[in-house]
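Accompanying notes for the structure given below.
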Amino acid sequence: MGPSVPTDRELVERINTGESELLGELISRYEDRVYNLALRMMGNREDAEDVLQDTFLNVIRSLDRFQGRSSFSTWLYRVAANAALTRLRKQSKQAKSEDEFLDDVYSVKRAAQAGLKLPDWSANPVRELLNDEAMEQMNRAIESMPEIYRAVFVLRDVEELPTAEVAEIMDLSEAAVKSRLHRARLYLRNNLSDYFSERGAA
Amino acid sequence: MDCNEIFESLSEFIDEELSKKTCREIESHMADCRNCRVVVNTLRKTVTLYHSMPRERLSGPARLRLHKVIEIADSGDTGE
Ligand SMILES: [Zn+2]
């Protein structure tokens, strides 16, 4: 029997006290998760790989300041989310303005108030809805949201982290996480509703 | 409760974060309001679809590049 697998915290401690050859192991534990987060936030592999590198370069620069107040994974997600946001802000791509976004979010409310019959595509099984084209649409929809909504949505509904952890990662109150998540979901719902209606799934 | 009042709580409703009392109020509104029912059902389905998207793994070459970059940066950082 070999020695038991060290915890993240033990690994960090050993790296910080000179065993830098263990960095590779720490990275291996998290590279896929960070990559997936970056991919959903950036929308393409190339940018996602850049964010992944930025993240771990920042990690080695600041690992000795990791206090262990939060778990290592929370701390790492924070570094990764910031790396992605920094790159997104530099790109200033075609994401919507907050006003345009909110206008889209509440369009469903206006439609309902106007007495329109909202299309219902919810009875279709996931395996029928989720083809390659639909997934492409879903990814493009994430990318068209303002950065902060994108980050909260990806952490909560793609990475499936609890609200409290997302609040810690993003430096937001839990109430702010919930309200941003709700708006992001409504926006994405509207987007998918249009898409599935056109495809005749509703 | 009317459509407007429940609209802002629908994510908490599908995440089961509301009190039993509020849940019952939303459910009884939904029973009589088709549009709210559709919003709840399609909102829930939207979240399910995103949960169901397959996760992508890092490619082998990208993995190697990452480890190489970190190795170089780390040996540079410590100055040894
Ligand atoms: Zn209603």
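The way I read the labels, and the way they are meant: chains A, B, ... in the order of the structure tokens, residue 1 as the first residue of every chain, and ligand 1 as the first ligand shown, with later ones counted on from there.
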Item to check | Close residues to ligand 1 using only C-alpha atoms and all ligand atoms, limit 8 Å, as a VMD selection string | outcome: chain B and resid 2 to 4 6 29 to 30 32 to 37
Next on the checklist: Would you pick out the contacts of stretch 11-23 of chain B at 10 Å or less, using only C-alpha atoms, so that residues sharing its chain but fewer than 2 positions from it are not included, and give the list as a ChimeraX atom specification?
Outcome noted: /A:178-179,181-183,185-186 /B:1,6-9,25-29,40-41,43-44,47
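Near chain B, counting only C-alpha atoms at 6 Å, the chain A residues are Asp32, Asn36, Asp120, Ser122, Val158, His182 and Arg189 of chain A.
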Based on the selection just made, write N, CA, C and O atoms of those residues as an mmCIF file, in the first residue's frame.
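To be explicit, this is the file written out as result_36.cif:
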```
data_model
loop_
_atom_site.group_PDB
_atom_site.id
_atom_site.type_symbol
_atom_site.label_atom_id
_atom_site.label_comp_id
_atom_site.auth_asym_id
_atom_site.auth_seq_id
_atom_site.Cartn_x
_atom_site.Cartn_y
_atom_site.Cartn_z
ATOM 1 N N ASP A 32 -9.280 20.094 -16.014
ATOM 2 C CA ASP A 32 -10.496 19.921 -16.812
ATOM 3 C C ASP A 32 -11.626 20.827 -16.339
ATOM 4 O O ASP A 32 -12.374 21.374 -17.147
ATOM 5 N N ASN A 36 -13.269 23.693 -18.603
ATOM 6 C CA ASN A 36 -14.694 23.717 -18.927
ATOM 7 C C ASN A 36 -15.341 25.054 -18.562
ATOM 8 O O ASN A 36 -16.111 25.620 -19.327
ATOM 9 N N ASP A 120 -44.890 26.433 -25.612
ATOM 10 C CA ASP A 120 -44.428 25.477 -24.596
ATOM 11 C C ASP A 120 -43.715 24.313 -25.271
ATOM 12 O O ASP A 120 -44.332 23.498 -25.946
ATOM 13 N N SER A 122 -41.567 22.457 -23.373
ATOM 14 C CA SER A 122 -40.955 21.780 -22.228
ATOM 15 C C SER A 122 -41.244 20.281 -22.167
ATOM 16 O O SER A 122 -40.558 19.562 -21.452
ATOM 17 N N VAL A 158 -23.768 25.572 -14.901
ATOM 18 C CA VAL A 158 -22.951 24.669 -15.706
ATOM 19 C C VAL A 158 -22.014 23.909 -14.769
ATOM 20 O O VAL A 158 -21.971 22.689 -14.760
ATOM 21 N N HIS A 182 -31.230 34.445 -11.918
ATOM 22 C CA HIS A 182 -32.608 34.419 -12.411
ATOM 23 C C HIS A 182 -32.720 35.147 -13.749
ATOM 24 O O HIS A 182 -33.334 34.655 -14.691
ATOM 25 N N ARG A 189 -33.773 31.197 -21.405
ATOM 26 C CA ARG A 189 -35.071 30.577 -21.691
ATOM 27 C C ARG A 189 -35.722 31.233 -22.908
ATOM 28 O O ARG A 189 -36.197 30.556 -23.820
#
```
Item to check | Which of chain A DSSP labels alpha helix (DSSP H), written as a PyMOL selection string | outcome: chain A and resi 8-16+23-42+45-62+72-91+98-105+107-113+126-129+132-143+147-153+163-170+174-198
Item to check | Contacts of stretch 102-110 of chain A within 7 Å, only C-alpha atoms, excl. fewer than 3 positions in-chain, as JSON, numbers by chain | outcome: {"A": [98, 99, 113, 114, 183, 186, 187, 190]}
Those same residues - C-alpha atoms - I'd like them written as a PDB file, in the first residue's frame.
```
ATOM      1  CA  GLU A  98     -26.970  45.587 -19.727  1.00  0.00           C
ATOM      2  CA  ASP A  99     -30.016  47.573 -20.952  1.00  0.00           C
ATOM      3  CA  GLN A 113     -49.141  40.715 -20.062  1.00  0.00           C
ATOM      4  CA  ALA A 114     -50.167  41.401 -23.650  1.00  0.00           C
ATOM      5  CA  ARG A 183     -32.168  37.061 -15.097  1.00  0.00           C
ATOM      6  CA  LEU A 186     -34.870  33.992 -18.141  1.00  0.00           C
ATOM      7  CA  TYR A 187     -32.737  35.410 -20.931  1.00  0.00           C
ATOM      8  CA  ASN A 190     -36.330  33.283 -24.049  1.00  0.00           C
TER       9      ASN A 190
END
```
Next on the checklist: List as a ChimeraX atom specification the protein and nucleic acid residues near A:Asn82, meaning an atom at most 9 Å away when only C-alpha atoms are counted, but skip any in the same chain fewer than 4 places from it.
Outcome noted: /A:55,77-78,86-87,170
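Atom CA of A:Ala83 lies 6.2 Å from atom CA of A:Asp54.
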Can you tell me, as a PDB file with N, CA and C atoms, in the first residue's frame, what residues are no more than 7 Å from A:Glu174 when counting only C-alpha atoms, ignoring any on the same chain fewer than 5 positions away?
```pdb
ATOM      1  N   THR A 163     -25.051  28.346  -4.362  1.00  0.00           N
ATOM      2  CA  THR A 163     -25.147  29.810  -4.358  1.00  0.00           C
ATOM      3  C   THR A 163     -24.091  30.451  -3.446  1.00  0.00           C
ATOM      4  N   ALA A 164     -23.915  29.888  -2.251  1.00  0.00           N
ATOM      5  CA  ALA A 164     -22.978  30.489  -1.300  1.00  0.00           C
ATOM      6  C   ALA A 164     -21.553  30.493  -1.856  1.00  0.00           C
ATOM      7  N   ALA A 167     -21.224  33.100  -4.559  1.00  0.00           N
ATOM      8  CA  ALA A 167     -21.158  34.422  -3.926  1.00  0.00           C
ATOM      9  C   ALA A 167     -19.723  34.705  -3.470  1.00  0.00           C
TER      10      ALA A 167
END
```
Item to check | atom CA of A:Arg140 to atom CA of A:Lys96, distance in Å rounded to a single decimal | outcome: 12.0 Å
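For the pair atom CA of A:Val152 and atom CA of A:Glu31, the interatomic distance is 19.9 Å.
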